[in-house]
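K.L.:
The following block contains the structure, expressed as structure tokens.
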Amino acid sequence: MQLGAHRPIRTAVTAFTATLLGSGTVAASGSGKIDSSLLIYSESGRVKVAEGVLDLSRNLSERRSVGLRLTLDALTGASPNGATPSNHIQTFTGPSGGSSYVVNPGKTPLDDTFSDQRVALDGSLRESLNRITFLTVGGHLSWEHDYSSFGVNSGITREFDRRNTTLGVSAAYTHDIVRPIGGAPDPLTSMPPPSTTGEGEDDGGEAGPGEGKDVFDVVAGVNQILGRNTIARLDYSLSRSSGYLNDPYKILSVVQDQNSAAPGEPSDYVYERRPDTRNKQALFGELRRYIAGSTLDLSYRYFWDDWGITSHTADFFLRLPVRGDHALEPHFRWYRQSEADFYNAYLVGGQAAPNYASADTRLAAFDAVTYGLKYSLPVDAGSRLSVSAEYYKQLGERGPPDAFGVLRQYNLFPGLDVFMVRIGFSHEL
Amino acid sequence: MKRPTMYLLLLLVVAAMAVLGGCASLGVEVWERDVLAKSEMQLDNAAVDRALDDHIYFSKEGSSGGRGFGGGGCGCN
Amino acid sequence: MLLFSVPSWVTRGHLRFLIFTLVTLAAASLSPRAATTPGAIAVLDSLTGDSTIVRGNVVYVDFWASWCVPCRRSFPWMMELLSKYQDQGLQIVTINLDRDRAAARKFLDDTHASLPIVYDPAGKLAKLYDLQVMPTSFVYGRDGTLRSRQEGFNPEETGSLESLVRSLLKEKPTK
């Protein structure tokens with residue numbers, strides 16, 4: 001599940017595999033570790049999420065270790081449905097067709113008819129084939145009301161040159177089944193008019209017949225120790241998805257053209273349509289350096305895909321030791337993405353319909369920044385408690401140059417203001 | 001792919017090769033890994049945090065992927 | 001200059017890697033692995049000065065550091081081994097490679113370790129012994145020849161190490 005309107009999301013399976021592919025860390029840490037975290041995520045005026053993760057890893061012998069991760073989350077709140085604001089009241093049909101919701105004039109249309117829960121389970125087994133070669137295999141399962149996913153993954157790493165260089169490759173296959181409430185709508189067809197049963201909560205709606213999606217991921221990378229205080233890595237990742245990639249709950253406004261009586265006012269709403277394949281690639285580099293007791297971590301990722309999106313992500317982490325084995329960790333992240341080829345904030349009536357179109361701001365051009373601060377301290381032998389607060393903001397094109405009519409009055413990029421708090425607890429077994 | 005992007009990519013690949021090619025001069029002896037053995041120097045030391053981050057940013061942005069696996073550490077056993 | 005044409009995709013990095021590989025292979029062929037590992041107690045003796053290695057003993061040499069978790073795990077076992085076989089002529093010498101002496105001392109205090117220690121913070125002995133992993137231990141027979149090189153410490157393999165020590169102790173002491 002994703003932290004917003006219900007859209008199919010594949011959880012990062014490879015991130016968990018990566019944990020266990022990390023050579024030496026599990027074996028070196030005694031018989032195992034428990035790591036847990038609770039995240040409270042709150043978008044101002046919109047989605048609120050509580051997510052908990054429990055991560056267990058255990059060394060079964062010098063050669064073998066297992067890992068299990070349980071993730072639970074609960075989501076509630078409203079998120080933009082893709083339509084543009086209007087001078088008039090707008091009424092939208094809820095996903096099951098049996099309810100509707102109303103948006104006041106001048107407001108960004110938000111769909112607040114959902115709340116959902118998700119459970120995910122990841123398991124992994126890591127084996128050392130010899131002192132410098134490690135093999136990992138893992139599986140993933142997740143369920144939520146309208147979405148389920150299962151996957152398998154495997155990876156191998158090998159070390160060279162006095163274990164200063166580590167080369168690794170991993171692959172994952174995931175199959176997702178989306179069962180949109182009310183069934184998957186016909187893309188680029190009009191949203192049916194709301195029925196007369198009025199407004200209401202929709203989470204009792206029946207999930208319709210399923211649509212499938214296959215995702216295949218490969219990650220290859222190298223880690224290199226550069227000196228007594230420095231380690232660096234470079235990773236290349238490739239992801240191919242095929243199947244149902246639309247967001248069944250997102251629409252686009254079809255607005256009246258410039259010559260009409262009410263230019264920019266919506267005359268219709270259509271469901272979005274995305275291609276049924278997507279190829280993503282990314283190149284990621286990271287440098288971590290120990291400097292007089294503090295630790296600095298800088299990373300950069302360049303991403304590109306065949307939907308026309310390219311992005312830059314730069315991350316800065318600093319760990320400052322505080323007396324008594326406490327630590328203060330400021331964090332800053334900068335992100336910039338370009339828009340997908342078929343991203344349209346709205347469609348104009350009378351113009352030829354494009355092959356693909358989506359008004360999902362996730363595919364728009366925007367910048368984002370995150371500011372965070374984390375404080376951690378030891379509690380008892382082998383346990384550590386941490387608290388962190390973060391602020392995330394997205395800034396996009398509020399007034400596209402080609403906006404006309406009433407659209408010029410409104411902010412067409414809903415933006416995002418998110419506050420997050422995390423509490424973490426870890427314990428070495 | 002656009003031209004400048006291709007050059008950037010090529011630069012990164014060449015840099016990677018230079019890193020690997022210059023292997024003999026990089027790296028440390030097995031007994032010089034005291035700092036690298038510290039938990040804060042493990043590339044995967046905040047796995048749960050990074051997993052939560054990945055989930056958040058995957059939900060709100062159009063990109064994904066990147067981070068691979070860990071390495072380094074004390075190199076023991 | 002070149003006898004063949006280099007394809008356009010070959011970069012400087014490729015050539016550096018190739019040169020590195022050739023040089024390494026040449027170096028490896030000139031200095032066989034066995035020669036880098038001291039085969040005689042005499043070498044250890046001359047370098048460690050403050051350890052007294054008794055001729056005719058079975059000597060167990062162990063390289064360790066406080067930041068190495070398997071090294072820490074090996075200490076209780078080594079102390080037990082010493083208490084069992086010291087009377088029969090077993091001698092254990094541990095070589096500490098901590099750059100920070102205080103860290104080594106803290107570990108020794110915490111574990112109440114009582115094994116003979118030689119401090120080698122600059123890693124000179126480690127380099128001489130061509131250490132490939134931490135910890136590494138060497139077992140010398142009563143005749144001073146190297147009998148075993150154990151890389152890493154695995155509690156599951158201590159049994160066979162102990163049998164080796166026992167069989168070496170059974171050998172007649174050299175005059």
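Within each chain, counting starts at residue 1; across the structure tokens, chains are named A, B, ... in the order shown, with ligands numbered 1 upward in that order.
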At a cut-off of 7 Å, which residues of chain C touch chain A? Count only C-alpha atoms and give the answer as a PyMOL selection string.
P.N.:
chain C and resi 69+132+154
K.L.:
Find the residues around region 167-172 of chain C up to 12 Å (only C-alpha atoms counted), leave out those fewer than 2 positions away in its own chain, and share them as a ChimeraX atom specification.
P.N.:
/C:56-60,84-91,139-148,160-165,174-175
K.L.:
Write out as a tab-separated table the residues of chain C that have any atom within 9 Å of an atom of chain B, one row each with the nearest atom pair and its distance in Å to one decimal, counting only C-alpha atoms, sorted by chain and then rising number.
P.N.:
```
residue	atom	partner	partner_atom	distance
C:Thr11	CA	B:Val14	CA	7.2
C:Arg12	CA	B:Ala18	CA	7.7
C:Gly13	CA	B:Ala18	CA	4.6
C:His14	CA	B:Met17	CA	6.7
C:Leu15	CA	B:Gly21	CA	7.9
C:Arg16	CA	B:Gly21	CA	5.3
C:Phe17	CA	B:Gly21	CA	3.8
C:Leu18	CA	B:Gly21	CA	7.6
C:Ile19	CA	B:Gly21	CA	8.5
C:Phe20	CA	B:Gly21	CA	6.9
C:Thr21	CA	B:Gly21	CA	8.7
C:Thr24	CA	B:Ala24	CA	8.7
C:Trp64	CA	B:Trp31	CA	8.4
C:Ala65	CA	B:Trp31	CA	7.7
C:Ser66	CA	B:Asp34	CA	8.4
C:Trp67	CA	B:Asp34	CA	5.8
C:Cys68	CA	B:Cys76	CA	6.5
C:Val69	CA	B:Cys76	CA	7.6
C:Pro70	CA	B:Asn77	CA	6.7
C:Cys71	CA	B:Cys76	CA	8.4
C:Leu97	CA	B:Trp31	CA	6.4
C:Asp98	CA	B:Asp34	CA	7.6
C:Arg99	CA	B:Glu32	CA	8.1
C:Gly123	CA	B:Trp31	CA	7.1
C:Ala126	CA	B:Trp31	CA	7.5
C:Lys127	CA	B:Glu29	CA	8.5
C:Leu131	CA	B:Val30	CA	6.9
C:Gln132	CA	B:Val30	CA	6.2
C:Val133	CA	B:Val30	CA	5.7
C:Met134	CA	B:Cys76	CA	4.9
C:Pro135	CA	B:Asn77	CA	6.8
C:Thr136	CA	B:Asn77	CA	8.7
C:Glu151	CA	B:Asn77	CA	7.0
C:Gly152	CA	B:Asn77	CA	4.0
C:Phe153	CA	B:Asn77	CA	6.1
C:Asn154	CA	B:Asn77	CA	7.7
```
K.L.:
Go ahead and write the selection's residues with N, CA and C atoms as an mmCIF file, in the first residue's frame.
P.N.:
```cif
data_model
loop_
_atom_site.group_PDB
_atom_site.id
_atom_site.type_symbol
_atom_site.label_atom_id
_atom_site.label_comp_id
_atom_site.auth_asym_id
_atom_site.auth_seq_id
_atom_site.Cartn_x
_atom_site.Cartn_y
_atom_site.Cartn_z
ATOM 1 N N THR C 11 38.710 1.648 -21.932
ATOM 2 C CA THR C 11 39.021 2.903 -21.242
ATOM 3 C C THR C 11 40.325 2.745 -20.462
ATOM 4 N N ARG C 12 40.771 3.835 -19.903
ATOM 5 C CA ARG C 12 41.994 3.829 -19.108
ATOM 6 C C ARG C 12 41.834 2.879 -17.904
ATOM 7 N N GLY C 13 40.638 2.859 -17.386
ATOM 8 C CA GLY C 13 40.348 1.995 -16.236
ATOM 9 C C GLY C 13 40.608 0.537 -16.565
ATOM 10 N N HIS C 14 40.201 0.138 -17.768
ATOM 11 C CA HIS C 14 40.431 -1.232 -18.214
ATOM 12 C C HIS C 14 41.911 -1.546 -18.223
ATOM 13 N N LEU C 15 42.702 -0.596 -18.772
ATOM 14 C CA LEU C 15 44.144 -0.821 -18.896
ATOM 15 C C LEU C 15 44.805 -0.875 -17.521
ATOM 16 N N ARG C 16 44.385 0.001 -16.613
ATOM 17 C CA ARG C 16 44.950 -0.019 -15.269
ATOM 18 C C ARG C 16 44.670 -1.352 -14.602
ATOM 19 N N PHE C 17 43.452 -1.838 -14.771
ATOM 20 C CA PHE C 17 43.068 -3.111 -14.162
ATOM 21 C C PHE C 17 43.919 -4.238 -14.735
ATOM 22 N N LEU C 18 44.146 -4.196 -16.032
ATOM 23 C CA LEU C 18 44.937 -5.232 -16.699
ATOM 24 C C LEU C 18 46.374 -5.212 -16.188
ATOM 25 N N ILE C 19 46.932 -4.016 -16.086
ATOM 26 C CA ILE C 19 48.304 -3.882 -15.593
ATOM 27 C C ILE C 19 48.409 -4.372 -14.154
ATOM 28 N N PHE C 20 47.425 -3.987 -13.343
ATOM 29 C CA PHE C 20 47.390 -4.413 -11.939
ATOM 30 C C PHE C 20 47.401 -5.939 -11.857
ATOM 31 N N THR C 21 46.558 -6.588 -12.670
ATOM 32 C CA THR C 21 46.461 -8.045 -12.648
ATOM 33 C C THR C 21 47.786 -8.682 -13.044
ATOM 34 N N THR C 24 50.409 -8.219 -10.275
ATOM 35 C CA THR C 24 50.098 -9.081 -9.131
ATOM 36 C C THR C 24 50.494 -10.523 -9.415
ATOM 37 N N TRP C 64 44.939 -10.929 17.377
ATOM 38 C CA TRP C 64 43.585 -10.468 17.723
ATOM 39 C C TRP C 64 43.534 -8.957 17.868
ATOM 40 N N ALA C 65 42.318 -8.445 17.950
ATOM 41 C CA ALA C 65 42.096 -7.018 18.225
ATOM 42 C C ALA C 65 40.762 -6.878 18.953
ATOM 43 N N SER C 66 40.622 -5.835 19.769
ATOM 44 C CA SER C 66 39.424 -5.683 20.602
ATOM 45 C C SER C 66 38.158 -5.441 19.781
ATOM 46 N N TRP C 67 38.328 -4.935 18.555
ATOM 47 C CA TRP C 67 37.157 -4.609 17.738
ATOM 48 C C TRP C 67 36.700 -5.808 16.908
ATOM 49 N N CYS C 68 37.389 -6.912 17.031
ATOM 50 C CA CYS C 68 37.074 -8.088 16.236
ATOM 51 C C CYS C 68 36.274 -9.066 17.095
ATOM 52 N N VAL C 69 34.988 -9.209 16.784
ATOM 53 C CA VAL C 69 34.103 -10.018 17.631
ATOM 54 C C VAL C 69 34.513 -11.497 17.718
ATOM 55 N N PRO C 70 34.833 -12.152 16.622
ATOM 56 C CA PRO C 70 35.266 -13.550 16.749
ATOM 57 C C PRO C 70 36.545 -13.677 17.587
ATOM 58 N N CYS C 71 37.428 -12.663 17.526
ATOM 59 C CA CYS C 71 38.644 -12.686 18.341
ATOM 60 C C CYS C 71 38.257 -12.721 19.819
ATOM 61 N N LEU C 97 46.641 -6.314 17.886
ATOM 62 C CA LEU C 97 46.837 -5.378 16.784
ATOM 63 C C LEU C 97 46.041 -4.088 16.932
ATOM 64 N N ASP C 98 45.508 -3.821 18.120
ATOM 65 C CA ASP C 98 44.782 -2.563 18.329
ATOM 66 C C ASP C 98 45.717 -1.388 18.162
ATOM 67 N N ARG C 99 45.271 -0.387 17.431
ATOM 68 C CA ARG C 99 46.055 0.833 17.286
ATOM 69 C C ARG C 99 45.925 1.638 18.577
ATOM 70 N N GLY C 123 51.374 -3.222 13.273
ATOM 71 C CA GLY C 123 51.072 -4.343 12.382
ATOM 72 C C GLY C 123 52.282 -4.976 11.723
ATOM 73 N N ALA C 126 51.960 -8.691 11.864
ATOM 74 C CA ALA C 126 50.829 -9.090 11.041
ATOM 75 C C ALA C 126 51.226 -9.111 9.572
ATOM 76 N N LYS C 127 52.009 -8.117 9.188
ATOM 77 C CA LYS C 127 52.468 -8.021 7.805
ATOM 78 C C LYS C 127 53.418 -9.178 7.487
ATOM 79 N N LEU C 131 48.757 -11.743 7.213
ATOM 80 C CA LEU C 131 47.400 -12.008 7.700
ATOM 81 C C LEU C 131 46.341 -11.677 6.662
ATOM 82 N N GLN C 132 45.410 -12.616 6.460
ATOM 83 C CA GLN C 132 44.341 -12.421 5.484
ATOM 84 C C GLN C 132 42.977 -12.219 6.145
ATOM 85 N N VAL C 133 42.926 -12.511 7.434
ATOM 86 C CA VAL C 133 41.649 -12.359 8.133
ATOM 87 C C VAL C 133 41.915 -12.260 9.624
ATOM 88 N N MET C 134 40.974 -11.636 10.335
ATOM 89 C CA MET C 134 41.097 -11.554 11.790
ATOM 90 C C MET C 134 40.059 -12.461 12.420
ATOM 91 N N PRO C 135 40.366 -13.278 13.344
ATOM 92 C CA PRO C 135 41.709 -13.578 13.845
ATOM 93 C C PRO C 135 42.400 -14.654 13.002
ATOM 94 N N THR C 136 43.677 -14.783 13.173
ATOM 95 C CA THR C 136 44.407 -15.884 12.558
ATOM 96 C C THR C 136 45.317 -16.468 13.628
ATOM 97 N N GLU C 151 42.481 -19.743 9.972
ATOM 98 C CA GLU C 151 41.957 -18.415 9.647
ATOM 99 C C GLU C 151 40.541 -18.252 10.182
ATOM 100 N N GLY C 152 40.332 -17.245 10.969
ATOM 101 C CA GLY C 152 39.026 -17.027 11.583
ATOM 102 C C GLY C 152 38.895 -17.886 12.833
ATOM 103 N N PHE C 153 37.836 -17.648 13.590
ATOM 104 C CA PHE C 153 37.578 -18.473 14.772
ATOM 105 C C PHE C 153 36.152 -18.975 14.703
ATOM 106 N N ASN C 154 36.015 -20.274 14.674
ATOM 107 C CA ASN C 154 34.697 -20.895 14.596
ATOM 108 C C ASN C 154 34.552 -21.863 15.764
#
```
K.L.:
Taking only C-alpha atoms into account, find every residue of chain B that has an atom no more than 7 Å from chain A, and write it out as a ChimeraX atom specification.
P.N.:
/B:26-30,32-33,35-36,44,47,51,54-56,59-63,65-73,75,77
K.L.:
Kindly save the residues from that selection, with C-alpha atoms included, as a PDB file, in the first residue's frame.
P.N.:
```
ATOM      1  CA  LEU B  26      42.946   1.193  -2.213  1.00  0.00           C
ATOM      2  CA  GLY B  27      41.730  -0.635   0.816  1.00  0.00           C
ATOM      3  CA  VAL B  28      43.328  -1.504   4.119  1.00  0.00           C
ATOM      4  CA  GLU B  29      45.001  -4.485   5.729  1.00  0.00           C
ATOM      5  CA  VAL B  30      42.773  -6.829   7.704  1.00  0.00           C
ATOM      6  CA  GLU B  32      43.459  -1.929  10.105  1.00  0.00           C
ATOM      7  CA  ARG B  33      39.685  -2.266  10.160  1.00  0.00           C
ATOM      8  CA  VAL B  35      36.989   2.061  12.459  1.00  0.00           C
ATOM      9  CA  LEU B  36      35.290   0.107   9.677  1.00  0.00           C
ATOM     10  CA  ASP B  44      23.271  -1.310   6.176  1.00  0.00           C
ATOM     11  CA  ALA B  47      18.020  -0.981   7.459  1.00  0.00           C
ATOM     12  CA  ALA B  51      13.064   0.614   4.395  1.00  0.00           C
ATOM     13  CA  ASP B  54      11.955   3.802   0.656  1.00  0.00           C
ATOM     14  CA  HIS B  55       8.286   3.137   1.297  1.00  0.00           C
ATOM     15  CA  ILE B  56       7.460   6.798   1.963  1.00  0.00           C
ATOM     16  CA  SER B  59       4.527   6.347  -2.413  1.00  0.00           C
ATOM     17  CA  LYS B  60       4.978  10.045  -2.965  1.00  0.00           C
ATOM     18  CA  GLU B  61       7.515  10.271  -5.764  1.00  0.00           C
ATOM     19  CA  GLY B  62       8.010   8.749  -9.177  1.00  0.00           C
ATOM     20  CA  SER B  63      11.413   7.134  -8.548  1.00  0.00           C
ATOM     21  CA  GLY B  65      15.464   1.742  -6.382  1.00  0.00           C
ATOM     22  CA  GLY B  66      19.135   2.476  -5.939  1.00  0.00           C
ATOM     23  CA  ARG B  67      20.530   1.179  -2.707  1.00  0.00           C
ATOM     24  CA  GLY B  68      22.000  -2.297  -3.070  1.00  0.00           C
ATOM     25  CA  PHE B  69      23.669  -4.390  -0.410  1.00  0.00           C
ATOM     26  CA  GLY B  70      26.236  -3.808   2.300  1.00  0.00           C
ATOM     27  CA  GLY B  71      29.915  -4.649   2.493  1.00  0.00           C
ATOM     28  CA  GLY B  72      32.960  -3.538   4.430  1.00  0.00           C
ATOM     29  CA  GLY B  73      32.754  -3.970   8.173  1.00  0.00           C
ATOM     30  CA  GLY B  75      36.036  -8.417   7.631  1.00  0.00           C
ATOM     31  CA  ASN B  77      36.094 -14.717  10.178  1.00  0.00           C
TER      32      ASN B  77
END
```
K.L.:
Please list as a tab-separated table (two decimals) with C-alpha atoms, in the first residue's frame every residue within 7 Å of region 101-114 of chain A, counting only C-alpha atoms and excluding residues in the same chain fewer than 6 positions away.
P.N.:
```tsv
chain	number	residue	atom	x	y	z
A	76	THR	CA	-6.66	7.12	6.77
A	77	GLY	CA	-7.39	10.49	5.25
A	78	ALA	CA	-7.79	12.21	1.93
A	79	SER	CA	-5.59	12.59	-1.09
A	80	PRO	CA	-5.95	14.39	-4.41
A	81	ASN	CA	-7.95	12.45	-6.95
A	83	ALA	CA	-9.14	16.61	-10.74
A	84	THR	CA	-8.57	20.37	-10.91
A	85	PRO	CA	-10.26	22.97	-8.71
A	86	SER	CA	-13.34	24.77	-9.98
A	87	ASN	CA	-15.42	27.84	-9.13
A	88	HIS	CA	-18.38	25.54	-8.56
A	89	ILE	CA	-19.12	22.66	-6.27
A	90	GLN	CA	-17.88	19.38	-7.71
A	91	THR	CA	-19.37	15.98	-7.03
A	92	PHE	CA	-17.37	12.82	-7.59
A	93	THR	CA	-18.51	9.23	-7.62
A	94	GLY	CA	-16.93	6.96	-5.04
A	199	GLU	CA	-22.37	10.56	0.56
A	201	GLU	CA	-17.79	5.99	3.81
A	202	ASP	CA	-16.67	3.52	1.24
A	203	ASP	CA	-14.48	1.06	3.03
A	414	PRO	CA	-1.50	20.28	-4.64
```
K.L.:
I need the residue nearest Ala353 (chain A) from this list: A:Leu60, A:Val270, A:Ala314, A:Ala381. Use only C-alpha atoms for the distance.
P.N.:
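Checking each candidate against Ala353 (chain A), we get A:Val270 as the closest.
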K.L.:
Quick one: everything within 7 Å of Ser241 (chain A), counting only C-alpha atoms, minus sequence neighbours fewer than 2 positions away in the same chain. Send it as a ChimeraX atom specification.
P.N.:
/A:213-216,239,243,277-279
K.L.:
How would the residues just picked look written out with C-alpha atoms as a PDB file, in the first residue's frame?
P.N.:
```
ATOM      1  CA  LYS A 213       1.204  -6.985 -12.420  1.00  0.00           C
ATOM      2  CA  ASP A 214       4.660  -8.531 -12.670  1.00  0.00           C
ATOM      3  CA  VAL A 215       7.816  -6.820 -11.523  1.00  0.00           C
ATOM      4  CA  PHE A 216      11.334  -8.014 -12.122  1.00  0.00           C
ATOM      5  CA  SER A 239      13.271  -2.747 -12.758  1.00  0.00           C
ATOM      6  CA  GLY A 243       0.583  -5.522 -16.323  1.00  0.00           C
ATOM      7  CA  THR A 277       4.968  -1.646 -19.101  1.00  0.00           C
ATOM      8  CA  ARG A 278       7.581   0.407 -17.340  1.00  0.00           C
ATOM      9  CA  ASN A 279      11.387   0.103 -17.356  1.00  0.00           C
TER      10      ASN A 279
END
```
K.L.:
Need the shell around region 248-265 of chain A: protein/DNA/RNA residues with any atom at most 10 Å away, counting only C-alpha atoms. Skip same-chain ones fewer than 4 positions apart. Format as a PDB file with C-alpha atoms, in the first residue's frame?
P.N.:
```
ATOM      1  CA  ALA A   5      -4.906   7.203  -2.291  1.00  0.00           C
ATOM      2  CA  HIS A   6      -5.112   3.579  -3.033  1.00  0.00           C
ATOM      3  CA  ARG A   7      -2.717   2.853  -5.718  1.00  0.00           C
ATOM      4  CA  PRO A   8      -0.898  -0.381  -6.326  1.00  0.00           C
ATOM      5  CA  PRO A  80      -5.947  14.385  -4.406  1.00  0.00           C
ATOM      6  CA  ASN A  81      -7.954  12.447  -6.950  1.00  0.00           C
ATOM      7  CA  GLY A  82      -6.339  14.180  -9.921  1.00  0.00           C
ATOM      8  CA  ALA A  83      -9.144  16.608 -10.744  1.00  0.00           C
ATOM      9  CA  THR A  84      -8.575  20.371 -10.911  1.00  0.00           C
ATOM     10  CA  PRO A  85     -10.259  22.970  -8.711  1.00  0.00           C
ATOM     11  CA  SER A  86     -13.338  24.769  -9.977  1.00  0.00           C
ATOM     12  CA  ASN A  87     -15.422  27.839  -9.128  1.00  0.00           C
ATOM     13  CA  HIS A  88     -18.382  25.539  -8.557  1.00  0.00           C
ATOM     14  CA  PHE A  92     -17.373  12.824  -7.593  1.00  0.00           C
ATOM     15  CA  GLY A  94     -16.926   6.958  -5.043  1.00  0.00           C
ATOM     16  CA  PRO A  95     -15.096   3.860  -6.292  1.00  0.00           C
ATOM     17  CA  ASP A 111     -10.923  11.772  -2.171  1.00  0.00           C
ATOM     18  CA  VAL A 178      -4.884  -5.385  -7.599  1.00  0.00           C
ATOM     19  CA  ARG A 179      -8.578  -5.679  -6.847  1.00  0.00           C
ATOM     20  CA  PRO A 180      -9.855  -2.146  -7.125  1.00  0.00           C
ATOM     21  CA  ILE A 181     -13.043  -1.526  -5.227  1.00  0.00           C
ATOM     22  CA  GLY A 182     -15.795  -1.462  -7.834  1.00  0.00           C
ATOM     23  CA  GLY A 183     -13.555  -3.167 -10.369  1.00  0.00           C
ATOM     24  CA  ALA A 184     -10.849  -1.618 -12.543  1.00  0.00           C
ATOM     25  CA  PRO A 185     -12.452   1.218 -14.505  1.00  0.00           C
ATOM     26  CA  ASP A 186     -12.066   1.471 -18.269  1.00  0.00           C
ATOM     27  CA  PRO A 187      -9.156   3.839 -18.757  1.00  0.00           C
ATOM     28  CA  LEU A 188      -9.885   7.205 -20.376  1.00  0.00           C
ATOM     29  CA  THR A 189     -13.615   6.649 -20.080  1.00  0.00           C
ATOM     30  CA  SER A 190     -15.867   9.000 -18.193  1.00  0.00           C
ATOM     31  CA  MET A 191     -16.475   8.650 -14.508  1.00  0.00           C
ATOM     32  CA  TYR A 244      -1.882  -3.232 -14.673  1.00  0.00           C
ATOM     33  CA  TYR A 269     -13.924  13.475 -15.556  1.00  0.00           C
ATOM     34  CA  VAL A 270     -12.111  10.516 -17.066  1.00  0.00           C
ATOM     35  CA  TYR A 271     -10.134   7.708 -15.492  1.00  0.00           C
ATOM     36  CA  GLU A 272      -6.415   7.828 -16.060  1.00  0.00           C
ATOM     37  CA  ARG A 273      -4.448   5.551 -18.335  1.00  0.00           C
ATOM     38  CA  ASN A 344      -1.327  16.183 -17.724  1.00  0.00           C
ATOM     39  CA  ALA A 345      -2.734  18.357 -14.967  1.00  0.00           C
ATOM     40  CA  TYR A 346      -5.973  18.337 -16.987  1.00  0.00           C
ATOM     41  CA  LEU A 347      -7.302  17.472 -20.442  1.00  0.00           C
ATOM     42  CA  VAL A 348      -8.997  19.983 -22.708  1.00  0.00           C
ATOM     43  CA  GLY A 349     -12.390  19.110 -24.173  1.00  0.00           C
ATOM     44  CA  GLY A 350     -12.529  18.892 -27.938  1.00  0.00           C
ATOM     45  CA  GLN A 351      -8.856  17.989 -28.288  1.00  0.00           C
ATOM     46  CA  ALA A 357      -2.779  10.443 -19.481  1.00  0.00           C
ATOM     47  CA  SER A 358      -2.491  10.865 -15.732  1.00  0.00           C
ATOM     48  CA  ALA A 359      -2.869  13.803 -13.394  1.00  0.00           C
ATOM     49  CA  ASP A 360      -1.222  11.965 -10.521  1.00  0.00           C
ATOM     50  CA  ALA A 403      -3.171  27.293 -17.874  1.00  0.00           C
ATOM     51  CA  PHE A 404      -6.139  29.295 -18.979  1.00  0.00           C
ATOM     52  CA  GLY A 405      -9.527  30.486 -17.769  1.00  0.00           C
ATOM     53  CA  VAL A 406     -10.355  29.575 -14.178  1.00  0.00           C
ATOM     54  CA  LEU A 407      -7.321  27.345 -14.023  1.00  0.00           C
ATOM     55  CA  ARG A 408      -5.157  30.426 -13.756  1.00  0.00           C
ATOM     56  CA  GLN A 409      -6.744  31.229 -10.401  1.00  0.00           C
TER      57      GLN A 409
END
```
K.L.:
Run DSSP on the backbone and give me the residues of region 8-128 of chain A it puts in alpha helix (DSSP H), as a PyMOL selection string.
P.N.:
chain A and resi 13-21+25-28
K.L.:
One decimal, Å: what's the distance from CA of Val118 (chain C) over to CA of Val93 (chain C), could you say?
P.N.:
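Answer for the CA of Val118 (chain C) to CA of Val93 (chain C) separation: 7.3 Å.
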K.L.:
Give me the residues within 8 Å of His140 (chain A) as a list in words, counting only C-alpha atoms and dropping any in the same chain fewer than 5 places off.
P.N.:
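The residues that qualify are Val13, Ala120, Leu121, Asp122, Gly123, Ser149, Phe150, Gly151 and Val152 of chain A.
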K.L.:
Can I get the selection written as a PDB file, in the first residue's frame, with C-alpha atoms?
P.N.:
```pdb
ATOM      1  CA  VAL A  13      11.668  -6.193  -1.500  1.00  0.00           C
ATOM      2  CA  ALA A 120       3.565  -7.499   5.010  1.00  0.00           C
ATOM      3  CA  LEU A 121       5.935 -10.337   5.795  1.00  0.00           C
ATOM      4  CA  ASP A 122       9.494 -10.704   4.488  1.00  0.00           C
ATOM      5  CA  GLY A 123      11.697 -13.687   5.158  1.00  0.00           C
ATOM      6  CA  SER A 149       1.616  -9.199  -3.446  1.00  0.00           C
ATOM      7  CA  PHE A 150       4.037 -12.084  -3.278  1.00  0.00           C
ATOM      8  CA  GLY A 151       7.633 -12.238  -4.367  1.00  0.00           C
ATOM      9  CA  VAL A 152      10.900 -14.142  -4.260  1.00  0.00           C
TER      10      VAL A 152
END
```
